[in-house]
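Just my_file.cif here, mmCIF, C-alpha atoms, pLDDT in the B column; chains and numbers go by the auth columns:
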```cif
data_structure
#
loop_
_atom_site.group_PDB
_atom_site.id
_atom_site.type_symbol
_atom_site.label_atom_id
_atom_site.label_comp_id
_atom_site.label_asym_id
_atom_site.label_seq_id
_atom_site.Cartn_x
_atom_site.Cartn_y
_atom_site.Cartn_z
_atom_site.B_iso_or_equiv
_atom_site.auth_seq_id
_atom_site.auth_asym_id
ATOM 1 C CA MET A 1 80.641 -53.928 -37.477 75.00 1 A
ATOM 2 C CA TYR A 2 78.371 -50.891 -38.066 88.00 2 A
ATOM 3 C CA ARG A 3 81.246 -48.610 -37.002 87.00 3 A
ATOM 4 C CA VAL A 4 79.980 -48.177 -33.455 89.00 4 A
ATOM 5 C CA PRO A 5 82.334 -45.787 -31.593 88.00 5 A
ATOM 6 C CA ASP A 6 84.674 -47.544 -29.190 86.00 6 A
ATOM 7 C CA ASP A 7 83.397 -45.585 -26.195 89.00 7 A
ATOM 8 C CA VAL A 8 79.756 -46.600 -26.683 92.00 8 A
ATOM 9 C CA GLU A 9 78.813 -49.395 -24.273 92.00 9 A
ATOM 10 C CA PHE A 10 76.330 -52.172 -25.012 92.00 10 A
ATOM 11 C CA ILE A 11 74.155 -53.397 -22.132 93.00 11 A
ATOM 12 C CA VAL A 12 72.099 -56.583 -22.281 92.00 12 A
ATOM 13 C CA PRO A 13 68.738 -55.868 -20.601 93.00 13 A
ATOM 14 C CA GLY A 14 67.692 -57.723 -17.498 92.00 14 A
ATOM 15 C CA PRO A 15 64.321 -59.424 -16.956 91.00 15 A
ATOM 16 C CA ASP A 16 62.711 -56.261 -15.545 94.00 16 A
ATOM 17 C CA ASP A 17 64.111 -53.835 -18.124 95.00 17 A
ATOM 18 C CA ARG A 18 61.877 -52.399 -20.835 94.00 18 A
ATOM 19 C CA ALA A 19 62.783 -50.932 -24.203 94.00 19 A
ATOM 20 C CA ASP A 20 60.055 -48.298 -23.841 95.00 20 A
ATOM 21 C CA ASP A 21 61.510 -46.944 -20.577 95.00 21 A
ATOM 22 C CA PRO A 22 65.317 -47.167 -20.673 96.00 22 A
ATOM 23 C CA PRO A 23 67.586 -46.245 -17.745 95.00 23 A
ATOM 24 C CA LEU A 24 68.831 -42.669 -17.565 94.00 24 A
ATOM 25 C CA GLY A 25 71.538 -41.938 -20.118 93.00 25 A
ATOM 26 C CA THR A 26 70.731 -44.919 -22.329 96.00 26 A
ATOM 27 C CA VAL A 27 68.568 -45.695 -25.336 97.00 27 A
ATOM 28 C CA ALA A 28 67.195 -48.994 -26.620 97.00 28 A
ATOM 29 C CA LEU A 29 68.406 -50.196 -30.023 96.00 29 A
ATOM 30 C CA ASN A 30 68.558 -53.456 -31.906 93.00 30 A
ATOM 31 C CA GLN A 31 70.801 -54.933 -34.551 91.00 31 A
ATOM 32 C CA ALA A 32 68.103 -54.726 -37.229 95.00 32 A
ATOM 33 C CA ILE A 33 68.114 -50.923 -36.992 95.00 33 A
ATOM 34 C CA LEU A 34 71.893 -50.765 -37.362 95.00 34 A
ATOM 35 C CA ALA A 35 71.692 -53.173 -40.299 95.00 35 A
ATOM 36 C CA ALA A 36 69.139 -50.780 -41.827 96.00 36 A
ATOM 37 C CA GLY A 37 71.738 -48.001 -41.911 97.00 37 A
ATOM 38 C CA LEU A 38 71.579 -46.131 -38.603 97.00 38 A
ATOM 39 C CA ARG A 39 75.032 -45.191 -37.345 96.00 39 A
ATOM 40 C CA LEU A 40 76.156 -43.824 -34.005 95.00 40 A
ATOM 41 C CA PRO A 41 76.315 -41.147 -32.910 94.00 41 A
ATOM 42 C CA PHE A 42 72.934 -40.264 -34.405 95.00 42 A
ATOM 43 C CA PRO A 43 73.270 -37.972 -37.435 94.00 43 A
ATOM 44 C CA ARG A 44 71.642 -34.604 -36.839 92.00 44 A
ATOM 45 C CA VAL A 45 69.163 -35.055 -39.707 94.00 45 A
ATOM 46 C CA VAL A 46 68.009 -38.371 -38.217 96.00 46 A
ATOM 47 C CA ARG A 47 67.522 -36.730 -34.817 94.00 47 A
ATOM 48 C CA LYS A 48 65.340 -34.084 -36.487 93.00 48 A
ATOM 49 C CA PHE A 49 63.053 -36.734 -37.973 95.00 49 A
ATOM 50 C CA LEU A 50 62.719 -38.614 -34.674 96.00 50 A
ATOM 51 C CA ARG A 51 62.002 -35.384 -32.791 94.00 51 A
ATOM 52 C CA GLU A 52 59.387 -34.369 -35.345 92.00 52 A
ATOM 53 C CA TRP A 53 57.706 -37.768 -35.089 94.00 53 A
ATOM 54 C CA GLY A 54 58.101 -37.868 -31.300 94.00 54 A
ATOM 55 C CA ILE A 55 59.177 -41.506 -31.217 95.00 55 A
ATOM 56 C CA ALA A 56 62.115 -43.494 -29.869 97.00 56 A
ATOM 57 C CA PRO A 57 64.403 -45.294 -32.353 97.00 57 A
ATOM 58 C CA THR A 58 63.020 -48.802 -31.819 96.00 58 A
ATOM 59 C CA GLN A 59 59.452 -47.615 -32.450 95.00 59 A
ATOM 60 C CA LEU A 60 60.213 -47.316 -36.168 96.00 60 A
ATOM 61 C CA CYS A 61 60.279 -50.741 -37.826 95.00 61 A
ATOM 62 C CA PRO A 62 63.531 -51.728 -39.589 95.00 62 A
ATOM 63 C CA ASN A 63 62.128 -51.241 -43.089 96.00 63 A
ATOM 64 C CA GLY A 64 60.989 -47.769 -42.049 95.00 64 A
ATOM 65 C CA TRP A 65 64.613 -47.100 -41.170 97.00 65 A
ATOM 66 C CA ARG A 66 65.702 -48.467 -44.550 97.00 66 A
ATOM 67 C CA ILE A 67 63.308 -46.135 -46.328 97.00 67 A
ATOM 68 C CA LEU A 68 64.437 -43.102 -44.313 97.00 68 A
ATOM 69 C CA ILE A 69 68.168 -43.815 -44.649 98.00 69 A
ATOM 70 C CA GLY A 70 67.798 -44.849 -48.299 97.00 70 A
ATOM 71 C CA LEU A 71 65.925 -41.630 -49.072 97.00 71 A
ATOM 72 C CA LEU A 72 68.659 -39.559 -47.413 98.00 72 A
ATOM 73 C CA VAL A 73 71.339 -41.362 -49.440 98.00 73 A
ATOM 74 C CA LEU A 74 69.452 -41.134 -52.734 97.00 74 A
ATOM 75 C CA TRP A 75 68.731 -37.418 -52.332 97.00 75 A
ATOM 76 C CA ASP A 76 72.444 -36.892 -51.630 97.00 76 A
ATOM 77 C CA GLN A 77 73.435 -38.825 -54.755 96.00 77 A
ATOM 78 C CA LEU A 78 71.076 -36.740 -56.879 96.00 78 A
ATOM 79 C CA GLY A 79 72.380 -33.477 -55.440 96.00 79 A
ATOM 80 C CA PHE A 80 69.053 -32.573 -53.826 95.00 80 A
ATOM 81 C CA PRO A 81 68.743 -30.760 -50.494 94.00 81 A
ATOM 82 C CA ARG A 82 68.164 -33.015 -47.513 94.00 82 A
ATOM 83 C CA PRO A 83 64.638 -34.455 -47.694 92.00 83 A
ATOM 84 C CA SER A 84 62.323 -32.596 -45.372 89.00 84 A
ATOM 85 C CA ILE A 85 59.566 -33.982 -43.195 88.00 85 A
ATOM 86 C CA GLY A 86 57.195 -32.734 -45.894 85.00 86 A
ATOM 87 C CA ASP A 87 59.092 -34.649 -48.592 87.00 87 A
ATOM 88 C CA PHE A 88 58.854 -37.853 -46.563 91.00 88 A
ATOM 89 C CA HIS A 89 55.187 -37.403 -45.700 88.00 89 A
ATOM 90 C CA SER A 90 54.299 -36.673 -49.325 85.00 90 A
ATOM 91 C CA LEU A 91 55.579 -40.145 -50.249 89.00 91 A
ATOM 92 C CA TYR A 92 54.850 -42.268 -47.177 92.00 92 A
ATOM 93 C CA SER A 93 52.337 -42.532 -44.375 89.00 93 A
ATOM 94 C CA PHE A 94 52.608 -44.473 -41.125 90.00 94 A
ATOM 95 C CA LYS A 95 50.662 -47.459 -39.898 89.00 95 A
ATOM 96 C CA SER A 96 50.734 -49.082 -36.491 88.00 96 A
ATOM 97 C CA ASP A 97 52.386 -52.492 -36.345 79.00 97 A
ATOM 98 C CA GLY A 98 49.641 -54.119 -34.297 72.00 98 A
ATOM 99 C CA LYS A 99 47.056 -52.681 -31.928 63.00 99 A
ATOM 100 C CA ARG A 100 48.595 -50.430 -29.270 61.00 100 A
ATOM 101 C CA SER A 101 51.987 -51.938 -30.007 72.00 101 A
ATOM 102 C CA GLY A 102 53.971 -48.698 -30.007 88.00 102 A
ATOM 103 C CA TRP A 103 55.712 -49.722 -33.248 92.00 103 A
ATOM 104 C CA TRP A 104 55.196 -48.041 -36.599 93.00 104 A
ATOM 105 C CA TYR A 105 56.045 -48.825 -40.186 91.00 105 A
ATOM 106 C CA ALA A 106 56.192 -46.625 -43.271 91.00 106 A
ATOM 107 C CA SER A 107 53.615 -47.327 -45.962 90.00 107 A
ATOM 108 C CA VAL A 108 53.754 -46.047 -49.540 90.00 108 A
ATOM 109 C CA LYS A 109 50.997 -43.552 -50.215 84.00 109 A
ATOM 110 C CA ALA A 110 48.522 -44.413 -52.945 69.00 110 A
ATOM 111 C CA ARG A 111 48.961 -42.725 -56.311 71.00 111 A
ATOM 112 C CA THR A 112 52.520 -41.623 -55.588 73.00 112 A
ATOM 113 C CA GLY A 113 54.164 -43.957 -58.096 81.00 113 A
ATOM 114 C CA GLY A 114 55.439 -46.561 -55.655 86.00 114 A
ATOM 115 C CA SER A 115 58.263 -46.508 -53.152 92.00 115 A
ATOM 116 C CA VAL A 116 61.293 -44.440 -54.068 94.00 116 A
ATOM 117 C CA VAL A 117 63.473 -46.836 -52.051 96.00 117 A
ATOM 118 C CA THR A 118 62.858 -50.334 -53.395 95.00 118 A
ATOM 119 C CA GLN A 119 63.480 -53.968 -52.480 94.00 119 A
ATOM 120 C CA THR A 120 63.317 -53.820 -48.709 95.00 120 A
ATOM 121 C CA PRO A 121 63.260 -57.238 -46.977 93.00 121 A
ATOM 122 C CA ASP A 122 59.922 -59.051 -46.906 90.00 122 A
ATOM 123 C CA SER A 123 60.468 -60.283 -43.361 86.00 123 A
ATOM 124 C CA ILE A 124 62.898 -59.579 -40.515 89.00 124 A
ATOM 125 C CA LYS A 125 62.483 -62.241 -37.871 86.00 125 A
ATOM 126 C CA ASN A 126 62.717 -61.518 -34.145 85.00 126 A
ATOM 127 C CA TRP A 127 63.776 -57.899 -34.575 90.00 127 A
ATOM 128 C CA LYS A 128 61.552 -56.820 -31.673 88.00 128 A
ATOM 129 C CA LYS A 129 62.959 -59.506 -29.421 87.00 129 A
ATOM 130 C CA PHE A 130 66.698 -58.875 -29.693 88.00 130 A
ATOM 131 C CA TRP A 131 67.109 -55.381 -28.324 93.00 131 A
ATOM 132 C CA PHE A 132 69.710 -53.880 -26.006 95.00 132 A
ATOM 133 C CA PHE A 133 70.695 -50.597 -24.381 96.00 133 A
ATOM 134 C CA VAL A 134 73.589 -48.379 -25.406 95.00 134 A
ATOM 135 C CA ARG A 135 75.312 -45.915 -23.111 95.00 135 A
ATOM 136 C CA GLY A 136 77.982 -43.315 -23.724 93.00 136 A
ATOM 137 C CA PRO A 137 78.304 -40.808 -26.606 92.00 137 A
ATOM 138 C CA TRP A 138 75.604 -42.482 -28.693 94.00 138 A
ATOM 139 C CA GLN A 139 73.585 -39.349 -29.460 92.00 139 A
ATOM 140 C CA PHE A 140 75.992 -36.526 -30.312 88.00 140 A
ATOM 141 C CA ALA A 141 79.388 -36.220 -31.934 80.00 141 A
ATOM 142 C CA GLU A 142 81.886 -33.993 -30.117 74.00 142 A
ATOM 143 C CA ASP A 143 81.775 -31.436 -32.933 71.00 143 A
ATOM 144 C CA ASP A 144 77.988 -31.444 -33.310 72.00 144 A
ATOM 145 C CA ALA A 145 76.755 -27.905 -33.846 62.00 145 A
ATOM 146 C CA ARG A 146 73.272 -28.677 -32.469 66.00 146 A
ATOM 147 C CA PRO A 147 73.652 -30.775 -29.312 66.00 147 A
ATOM 148 C CA ASP A 148 70.254 -29.469 -28.188 68.00 148 A
ATOM 149 C CA LEU A 149 68.421 -31.756 -30.623 78.00 149 A
ATOM 150 C CA ASN A 150 67.787 -34.593 -28.190 90.00 150 A
ATOM 151 C CA ILE A 151 65.791 -37.548 -29.456 93.00 151 A
ATOM 152 C CA PRO A 152 62.970 -39.252 -27.530 95.00 152 A
ATOM 153 C CA VAL A 153 64.131 -42.365 -25.691 96.00 153 A
ATOM 154 C CA ARG A 154 60.780 -43.405 -24.162 95.00 154 A
ATOM 155 C CA TYR A 155 57.877 -44.645 -26.244 94.00 155 A
ATOM 156 C CA HIS A 156 55.252 -42.121 -27.332 91.00 156 A
ATOM 157 C CA GLU A 157 52.383 -41.957 -29.771 90.00 157 A
ATOM 158 C CA LEU A 158 53.687 -41.017 -33.203 91.00 158 A
ATOM 159 C CA ARG A 159 52.980 -37.471 -34.368 87.00 159 A
ATOM 160 C CA TYR A 160 52.053 -37.655 -38.022 78.00 160 A
ATOM 161 C CA VAL A 161 50.348 -34.978 -40.084 76.00 161 A
ATOM 162 C CA ALA A 162 49.439 -35.900 -43.659 73.00 162 A
ATOM 163 C CA ARG A 163 50.732 -33.283 -46.063 74.00 163 A
ATOM 164 C CA GLU A 164 50.051 -32.566 -49.693 78.00 164 A
ATOM 165 C CA PRO A 165 53.230 -32.789 -51.766 79.00 165 A
ATOM 166 C CA THR A 166 54.730 -29.561 -52.998 84.00 166 A
ATOM 167 C CA GLY A 167 55.712 -29.095 -56.619 87.00 167 A
ATOM 168 C CA GLU A 168 59.369 -29.433 -55.619 89.00 168 A
ATOM 169 C CA SER A 169 58.703 -32.691 -53.747 87.00 169 A
ATOM 170 C CA ILE A 170 56.846 -34.127 -56.742 86.00 170 A
ATOM 171 C CA GLU A 171 59.654 -33.164 -59.120 90.00 171 A
ATOM 172 C CA ARG A 172 62.363 -34.642 -56.889 91.00 172 A
ATOM 173 C CA ALA A 173 60.431 -37.905 -56.562 91.00 173 A
ATOM 174 C CA ARG A 174 59.891 -38.015 -60.338 90.00 174 A
ATOM 175 C CA ARG A 175 63.598 -37.569 -61.007 93.00 175 A
ATOM 176 C CA ALA A 176 64.465 -40.223 -58.431 93.00 176 A
ATOM 177 C CA ARG A 177 62.122 -42.728 -60.080 92.00 177 A
ATOM 178 C CA GLU A 178 63.873 -42.215 -63.413 93.00 178 A
ATOM 179 C CA ILE A 179 66.703 -44.237 -61.900 95.00 179 A
ATOM 180 C CA SER A 180 66.454 -47.998 -62.328 95.00 180 A
ATOM 181 C CA GLU A 181 64.653 -49.732 -59.455 94.00 181 A
ATOM 182 C CA SER A 182 67.641 -52.015 -58.962 95.00 182 A
ATOM 183 C CA LEU A 183 69.833 -48.978 -58.276 96.00 183 A
ATOM 184 C CA ARG A 184 67.278 -47.660 -55.796 97.00 184 A
ATOM 185 C CA SER A 185 67.183 -50.876 -53.801 97.00 185 A
ATOM 186 C CA SER A 186 67.920 -50.564 -50.097 97.00 186 A
ATOM 187 C CA ALA A 187 70.885 -52.945 -50.402 97.00 187 A
ATOM 188 C CA VAL A 188 72.515 -50.821 -53.122 97.00 188 A
ATOM 189 C CA LEU A 189 71.831 -47.484 -51.436 98.00 189 A
ATOM 190 C CA ILE A 190 72.751 -48.406 -47.863 97.00 190 A
ATOM 191 C CA THR A 191 76.476 -49.106 -47.956 97.00 191 A
ATOM 192 C CA GLU A 192 79.193 -47.719 -45.709 95.00 192 A
ATOM 193 C CA GLU A 193 80.633 -45.714 -48.592 96.00 193 A
ATOM 194 C CA ASN A 194 77.263 -44.128 -49.361 97.00 194 A
ATOM 195 C CA LEU A 195 76.531 -43.452 -45.689 97.00 195 A
ATOM 196 C CA VAL A 196 79.835 -41.622 -45.289 96.00 196 A
ATOM 197 C CA SER A 197 79.261 -39.661 -48.505 96.00 197 A
ATOM 198 C CA ALA A 198 75.796 -38.602 -47.297 97.00 198 A
ATOM 199 C CA ARG A 199 77.237 -37.601 -43.883 95.00 199 A
ATOM 200 C CA LEU A 200 75.223 -40.301 -42.141 96.00 200 A
ATOM 201 C CA SER A 201 78.355 -42.048 -40.883 94.00 201 A
ATOM 202 C CA ARG A 202 81.879 -40.955 -40.126 87.00 202 A
ATOM 203 C CA PRO A 203 84.997 -42.213 -41.872 86.00 203 A
ATOM 204 C CA LEU A 204 87.021 -44.611 -39.767 75.00 204 A
ATOM 205 C CA SER A 205 89.774 -41.993 -39.512 68.00 205 A
ATOM 206 C CA ASP A 206 87.345 -39.708 -37.632 62.00 206 A
ATOM 207 C CA ARG A 207 86.477 -42.292 -34.990 56.00 207 A
ATOM 208 C CA PRO A 208 87.887 -41.796 -31.480 52.00 208 A
ATOM 209 C CA THR A 209 90.694 -44.207 -30.626 47.00 209 A
ATOM 210 C CA ALA A 210 91.476 -43.232 -27.047 43.00 210 A
ATOM 211 C CA HIS A 211 89.192 -45.874 -25.542 43.00 211 A
ATOM 212 C CA ARG A 212 89.241 -49.625 -25.658 37.00 212 A
ATOM 213 C CA PRO A 213 86.211 -51.244 -27.310 43.00 213 A
ATOM 214 C CA LYS A 214 83.372 -52.237 -24.986 50.00 214 A
ATOM 215 C CA GLY A 215 82.569 -55.253 -27.136 54.00 215 A
ATOM 216 C CA SER A 216 81.431 -55.928 -30.649 57.00 216 A
ATOM 217 C CA MET A 217 78.091 -56.524 -32.311 60.00 217 A
ATOM 218 C CA LYS A 218 79.081 -60.188 -32.466 60.00 218 A
ATOM 219 C CA ASP A 219 79.446 -60.148 -28.664 65.00 219 A
ATOM 220 C CA ILE A 220 76.073 -58.499 -28.058 65.00 220 A
ATOM 221 C CA SER A 221 74.339 -60.882 -30.474 68.00 221 A
ATOM 222 C CA ALA A 222 75.810 -63.887 -28.674 70.00 222 A
ATOM 223 C CA LEU A 223 74.728 -62.573 -25.262 65.00 223 A
ATOM 224 C CA LEU A 224 71.205 -61.849 -26.496 66.00 224 A
ATOM 225 C CA ARG A 225 70.872 -65.329 -27.978 67.00 225 A
ATOM 226 C CA LYS A 226 72.027 -66.775 -24.664 64.00 226 A
ATOM 227 C CA LYS A 227 69.571 -64.568 -22.776 62.00 227 A
ATOM 228 C CA HIS A 228 66.633 -65.839 -24.829 59.00 228 A
ATOM 229 C CA GLN A 229 67.510 -69.513 -24.482 60.00 229 A
ATOM 230 C CA GLY A 230 65.529 -69.679 -21.285 51.00 230 A
ATOM 231 C CA PRO A 231 64.652 -67.988 -17.977 43.00 231 A
ATOM 232 C CA SER A 232 67.858 -69.215 -16.359 36.00 232 A
ATOM 233 C CA GLN A 233 69.870 -67.110 -18.827 38.00 233 A
ATOM 234 C CA ALA A 234 67.903 -63.896 -18.333 36.00 234 A
ATOM 235 C CA GLY A 235 70.364 -62.010 -16.136 38.00 235 A
ATOM 236 C CA LYS A 236 71.766 -58.645 -17.081 44.00 236 A
ATOM 237 C CA GLY A 237 75.175 -58.517 -18.702 45.00 237 A
ATOM 238 C CA LYS A 238 77.555 -55.790 -19.776 43.00 238 A
ATOM 239 C CA LEU A 239 80.211 -55.941 -22.431 38.00 239 A
ATOM 240 C CA LYS A 240 83.615 -55.018 -21.121 31.00 240 A
#
```

Representation of the structure as structure tokens:
Amino acid sequence: MYRVPDDVEFIVPGPDDRADDPPLGTVALNQAILAAGLRLPFPRVVRKFLREWGIAPTQLCPNGWRILIGLLVLWDQLGFPRPSIGDFHSLYSFKSDGKRSGWWYASVKARTGGSVVTQTPDSIKNWKKFWFFVRGPWQFAEDDARPDLNIPVRYHELRYVAREPTGESIERARRAREISESLRSSAVLITEENLVSARLSRPLSDRPTAHRPKGSMKDISALLRKKHQGPSQAGKGKLK
């Protein structure tokens, strides 16, 4: 599920672990982010956005991920250049998900014509609760031409600068909105086929096969459910 490389290891956090301060060499993720379209290793364009915003992956709410990934897919389908930070900021702003929470969600800017990516889920229960660490080659592919683009792994205040849309950004958004809303829904845009086409995921044939899997998403979900059943289940576990 989610085409996680075989040599990426899942680690269930212990009672003293924190998503905002992961152990060296790891990053905190959750299943909701992977369901929203993020694939490992992190695509270079996604790393650029996170570096620009200065936030760790789990600081962006799942629907924010859906909007970002959906926008990348839609721009690819329309033959546009990759959306820039300016393109994104001309359509969406950020709001804090609670006072001093460290989490952020994308909000459609007024008078922009509505969200380009439509029909995101109304509610995603417990997404903040069921997080885990990943270790291994989660950040870069072996053939990545820019392995210097490290993403933040600890929580920081989001860097956001409101920008006026350029004429090109306005025209691209207008052309995107000419497409039926149903075809711009997050569920239609974010499919494995579309992710591969937009170079946001790798075909299965490109995945390394020299290592045995460290577990599946089904395994990590089961361990996290067990962990949250009560204090007696809160020990750290690793998937072998």

Tell me, in Å to one decimal, how far CA of Phe132 in chain A is from CA of Ser93 in chain A.
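CA of Ser93 in chain A lies 27.7 Å from CA of Phe132 in chain A.
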
As a check of understanding, name the residues that the PyMOL selection byres ((chain A and resi 166) around 12) selects in the supplied structure, as a short mmCIF file (atom, residue, chain, number, x, y, z; two decimals) with C-alpha atoms, in the frame of the given file.
```cif
data_model
loop_
_atom_site.label_atom_id
_atom_site.label_comp_id
_atom_site.auth_asym_id
_atom_site.auth_seq_id
_atom_site.Cartn_x
_atom_site.Cartn_y
_atom_site.Cartn_z
CA SER A 84 62.32 -32.60 -45.37
CA ILE A 85 59.57 -33.98 -43.20
CA GLY A 86 57.20 -32.73 -45.89
CA ASP A 87 59.09 -34.65 -48.59
CA PHE A 88 58.85 -37.85 -46.56
CA HIS A 89 55.19 -37.40 -45.70
CA SER A 90 54.30 -36.67 -49.32
CA LEU A 91 55.58 -40.15 -50.25
CA ARG A 163 50.73 -33.28 -46.06
CA GLU A 164 50.05 -32.57 -49.69
CA PRO A 165 53.23 -32.79 -51.77
CA GLY A 167 55.71 -29.10 -56.62
CA GLU A 168 59.37 -29.43 -55.62
CA SER A 169 58.70 -32.69 -53.75
CA ILE A 170 56.85 -34.13 -56.74
CA GLU A 171 59.65 -33.16 -59.12
CA ARG A 172 62.36 -34.64 -56.89
CA ALA A 173 60.43 -37.90 -56.56
#
```

Within 10 Å of Asp97 in chain A, counting all atoms listed in the file, which residues qualify if same-chain residues fewer than 6 places away don't, as a list in words?
Gln59, Leu60, Cys61, Trp103, Trp104, Tyr105 and Ala106 of chain A

For the provided coordinates, the residues matched by the PyMOL selection byres ((chain A and resi 196-200) around 10) should be stated as a list in words.
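Selection result, ordered by chain and number: Gly37, Leu38, Arg39, Leu40, Pro41, Phe42, Pro43, Arg44, Val45, Val46, Ile69, Leu72, Val73, Leu74, Trp75, Asp76, Gln77, Arg82, Thr191, Glu192, Glu193, Asn194, Leu195, Ser201, Arg202, Pro203 and Leu204 of chain A.
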
Report the distance between CA of Ala56 in chain A and CA of Arg184 in chain A in Å, rounded to one decimal place.
26.8 Å

Residue contacts of Asp20 in chain A (7 Å, all atoms listed in the file) excluding same-chain residues fewer than 2 positions away, as a PyMOL selection string
chain A and resi 18+22+154-155

Here is a test: counting only C-alpha atoms, which residue of A:Pro62, A:Pro23, A:Gly114, A:Pro13 is nearest to Asn126 in chain A?
A:Pro62

Can you turn the PyMOL selection byres ((chain A and resi 157) around 9) into a concrete residue list for this file, as a PDB file with C-alpha atoms, in the coordinates of the input?
```pdb
ATOM      1  CA  TRP A  53      57.706 -37.768 -35.089  1.00 94.00           C
ATOM      2  CA  GLY A  54      58.101 -37.868 -31.300  1.00 94.00           C
ATOM      3  CA  ILE A  55      59.177 -41.506 -31.217  1.00 95.00           C
ATOM      4  CA  GLY A 102      53.971 -48.698 -30.007  1.00 88.00           C
ATOM      5  CA  TYR A 155      57.877 -44.645 -26.244  1.00 94.00           C
ATOM      6  CA  HIS A 156      55.252 -42.121 -27.332  1.00 91.00           C
ATOM      7  CA  LEU A 158      53.687 -41.017 -33.203  1.00 91.00           C
ATOM      8  CA  ARG A 159      52.980 -37.471 -34.368  1.00 87.00           C
TER       9      ARG A 159
END
```

Can you list, as JSON, numbers by chain, every protein, DNA or RNA residue that comes within 9 Å of Ile124 in chain A when you count all atoms listed in the file, leaving out same-chain residues fewer than 2 positions away?
{"A": [32, 62, 63, 121, 122, 126, 127]}
